[in-house]
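Only one structure is covered here, and it is reproduced in the block below.
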Amino acid sequence: MSIVTKETILEALKQVNYPGFSRDIVSFGLVKSVRVEDGDVKIAISISTNNEAVPEQLRNEAELALKEVPGIKSLEIGVAVQAPPKANSTNTQGTGRQKIDGVKKIIAVSSGKGGVGKSTFSTNLAMALHHELVELGQSANVGIMDCDVYGPSIPLMMGVSERPSFANDKIIPQENFGIKVMSMGLLVDDSSPVIWRGPMVTNVIAQFAQNVDWGDIDILVTDLPPGTGDAQLALCQNMPVNGAVVVTTPQAAASNVARRGAMMFEKVNVPLLGVAENMSYLLNEQTGEKQYIFGQGGGESTAKALETEFLGAIPLDQEVREGGDRGIPVVLSNPESSTSKEFRKIAAKLLNLI
Ligand code: ADP
């Protein structure tokens with residue numbers, strides 16, 4: 001007679017995907033415990049959702065997957081459900097997901113695909129939020145958590161390169177221009193390319209959430225990896241995100257992908273705060289004429305389709321690119337430029353939404 005073990009149970013549970021995703025519940029870290037004693041199996045699963053159908057569906061699928069495992073005498077599957085934060089909530093981090101000590105609010109910045117300027121947007125947004133909070137006379141502690149492990153460009157864009165230090169077993173983020181920065185790019189060597197598999201991304205994000213000593217942070221901007229699925233789900237399962245911003249270019253191709261990505265947030269009940277369009281137009285400084293190089297209207301139509309706010313349009317601006325390369329975001333180096341003002345307008349809108 002076969003002896004059932006924790007490992008065989010976990011192996012079988014890897015066949016169960018989180019509803020609507022291509023990732024299994026084990027690699028997502030949703031299986032909290034498996035106890036096996038003489039063929040009696042007890043499994044605890046913990047998820048964060050408002051969708052009442054999901055727990056039952058997961059339990060049924062888990063039972064089905066375990067049917068094939070020989071040696072199970074009895075099976076108990078507990079699915080604990082925690083409610084995610086509500087849209088436009090004025091609360092600080094929602095209950096249900098583990099809080100990050102000291103962090104009051106979290107905004108996730110996402111894009112359907114790479115190269116649309118998501119990281120550029122995140123750094124300038126962080127600077128603009130800081131600026132707006134200072135203007136409002138409010139506490140203005142802002143941080144950036146670079147979860148884009150595939151191309152961690154935030155350190156370069158924020159002019160940060162020192163390795164973070166450790167204190168009391170926690171990582172102390174680097175700081176520049178009054179913004180705290182944590183990125184995988186600060187921990188791994190430039191010369192050693194890191195090949196990330198899905199579950200590793202989940203782990204890194206969880207580590208960043210729990211093992212970094214952020215100190216007091218009023219708003220943490222998190223730069224998500226590009227894409228439309230699993231990493232975002234992992235992030236939302238690991239920390240209480242108050243809302244998500246989707247960055248897109250005006251091109252139909254980009255905005256279609258952005259739309260799919262945004263629908264993912266709906267699935268995990270993270271409120272969508274709005275859509276921002278980047279590289280919207282090229283401004284001719286002499287004539288004031290706007291050239292719509294990548295087409296027009298993608299951001300607005302995406303916002304409309306998602307029934308969310310169109311936050312603003314950032315032009316294609318040489319100063320933005322140079323600021324990124326030099327490590328001084330344009331919102332700081334030229335705060336009065338029309339581009340910087342647009343970033344601040346977006347920041348002000350977001351402050352009203354979270
Ligand atoms: P992503 O994070 O989406 O991959 P990045 O933020 O790294 O994209 O931007 C890709 C490139 O485009 C960078 O070189 C950046 O400096 C440049 N870029 C982004 N936004 C703008 C903009 N509004 N104007 C000019 N260059 C931009």
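Chain labels run A, B, ... following the order of the structure tokens; each chain numbers its residues from 1, and ligands are numbered from 1 in the order shown.
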
For the interface of chain A with ligand 1 (cut-off 6 Å, counting only C-alpha atoms and all ligand atoms), please tabulate each contacting residue of chain A alongside its nearest pair of atoms and their separation in Å to one decimal, rows sorted by chain and increasing number, as CSV.
```
residue,atom,partner,partner_atom_place_in_ligand_line,distance
A:Gly114,CA,ligand 1,4 (O),4.1
A:Gly115,CA,ligand 1,4 (O),3.5
A:Val116,CA,ligand 1,3 (O),3.9
A:Gly117,CA,ligand 1,8 (O),3.2
A:Lys118,CA,ligand 1,3 (O),3.7
A:Ser119,CA,ligand 1,2 (O),3.7
A:Thr120,CA,ligand 1,6 (O),3.7
A:Asn278,CA,ligand 1,23 (N),5.4
A:Met279,CA,ligand 1,23 (N),4.5
A:Ile314,CA,ligand 1,23 (N),5.6
A:Pro315,CA,ligand 1,23 (N),5.1
A:Leu316,CA,ligand 1,24 (N),3.6
A:Asp317,CA,ligand 1,24 (N),3.9
A:Gln318,CA,ligand 1,25 (C),5.1
A:Val320,CA,ligand 1,24 (N),4.9
A:Arg321,CA,ligand 1,16 (O),3.4
A:Gly324,CA,ligand 1,16 (O),5.0
```

Near Leu220 (chain A), counting only C-alpha atoms, which residues have an atom at most 8 Å away, once you skip same-chain residues fewer than 6 positions from it, shown as a PDB file with N, CA and C atoms, in the first residue's frame?
```
ATOM      1  N   VAL A 103       3.941  51.193   6.134  1.00  0.00           N
ATOM      2  CA  VAL A 103       3.471  51.673   4.822  1.00  0.00           C
ATOM      3  C   VAL A 103       1.963  51.914   4.871  1.00  0.00           C
ATOM      4  N   LYS A 104       1.553  53.150   4.549  1.00  0.00           N
ATOM      5  CA  LYS A 104       0.127  53.469   4.678  1.00  0.00           C
ATOM      6  C   LYS A 104      -0.644  53.105   3.420  1.00  0.00           C
ATOM      7  N   LYS A 105      -0.138  53.505   2.251  1.00  0.00           N
ATOM      8  CA  LYS A 105      -0.898  53.248   1.009  1.00  0.00           C
ATOM      9  C   LYS A 105       0.018  52.753  -0.098  1.00  0.00           C
ATOM     10  N   ILE A 106      -0.565  51.944  -0.958  1.00  0.00           N
ATOM     11  CA  ILE A 106       0.233  51.368  -2.052  1.00  0.00           C
ATOM     12  C   ILE A 106      -0.487  51.582  -3.390  1.00  0.00           C
ATOM     13  N   ILE A 107       0.271  52.138  -4.344  1.00  0.00           N
ATOM     14  CA  ILE A 107      -0.249  52.256  -5.720  1.00  0.00           C
ATOM     15  C   ILE A 107       0.594  51.341  -6.605  1.00  0.00           C
ATOM     16  N   VAL A 142       7.561  59.097   0.533  1.00  0.00           N
ATOM     17  CA  VAL A 142       7.178  58.299  -0.633  1.00  0.00           C
ATOM     18  C   VAL A 142       8.291  57.288  -0.919  1.00  0.00           C
ATOM     19  N   GLY A 143       7.894  56.089  -1.340  1.00  0.00           N
ATOM     20  CA  GLY A 143       8.879  55.070  -1.698  1.00  0.00           C
ATOM     21  C   GLY A 143       8.560  54.443  -3.047  1.00  0.00           C
ATOM     22  N   ILE A 144       9.567  53.832  -3.652  1.00  0.00           N
ATOM     23  CA  ILE A 144       9.329  53.052  -4.876  1.00  0.00           C
ATOM     24  C   ILE A 144       9.842  51.642  -4.658  1.00  0.00           C
ATOM     25  N   MET A 145       8.988  50.686  -4.937  1.00  0.00           N
ATOM     26  CA  MET A 145       9.396  49.289  -4.880  1.00  0.00           C
ATOM     27  C   MET A 145       9.398  48.787  -6.321  1.00  0.00           C
TER      28      MET A 145
END
```

### Task
Pick out the closest residue to Gly288 (chain A) from this set: A:Ser338, A:Ile3, A:Ala128, A:Ser111. Count only C-alpha atoms.
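The closest residue to Gly288 (chain A) is A:Ser338.
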
### Query
Could you write out, as a PyMOL selection string, all the residues of region 175-351 of chain A that DSSP marks as strand (DSSP E)?
chain A and resi 175-176+179-183+217-223+243-248+272-283+290-291+310-316

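Between CA of Val268 (chain A) and CA of Ala53 (chain A) the separation is 12.9 Å.
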
### Task
Pick out the residues sitting within 9 Å of Met157 (chain A), and hand them over as an NGL selection string; count only C-alpha atoms, and ignore anything fewer than 2 positions along from it in its own chain.
:A and (119-120 or 123 or 153-155 or 159-160 or 323-329)

### Message
Which of region 246-287 of chain A end up as helix (DSSP H, G or I) when DSSP is run on this backbone - answer as a ChimeraX atom specification?
### Response
/A:252-267

### Summary
Judged by only C-alpha atoms, the minimum distance to Gly243 (chain A) among A:Pro226, A:Gly274, A:Gly39, A:Gly215 is found for A:Gly274

### Query
CA of Val79 (chain A) and CA of Ala108 (chain A), how far apart in Å?
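It comes out at 26.7 Å.
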
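One distance worth recording is that between CA of Met184 (chain A) and CA of Met158 (chain A), which is 13.9 Å.
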
### Message
Please list as a ChimeraX atom specification every residue within 8 Å of Phe265 (chain A), counting only C-alpha atoms and excluding residues in the same chain fewer than 5 positions away.
### Response
/A:232-233,244,270-272

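Non-sequential neighbours of region 130-134 of chain A (distance at most 10 Å, separation of 3 or more positions within a chain, only C-alpha atoms) are Asn124, Leu125, Ala126, Met127, Gly137, Gln138, Ser139, Ala140, Asn141, Val142, Gly143, Phe177, Gly178, Ile179, Asp218, Ile219, Val331, Leu332, Pro335, Arg344, Lys345, Ala347, Ala348 and Leu351 of chain A.
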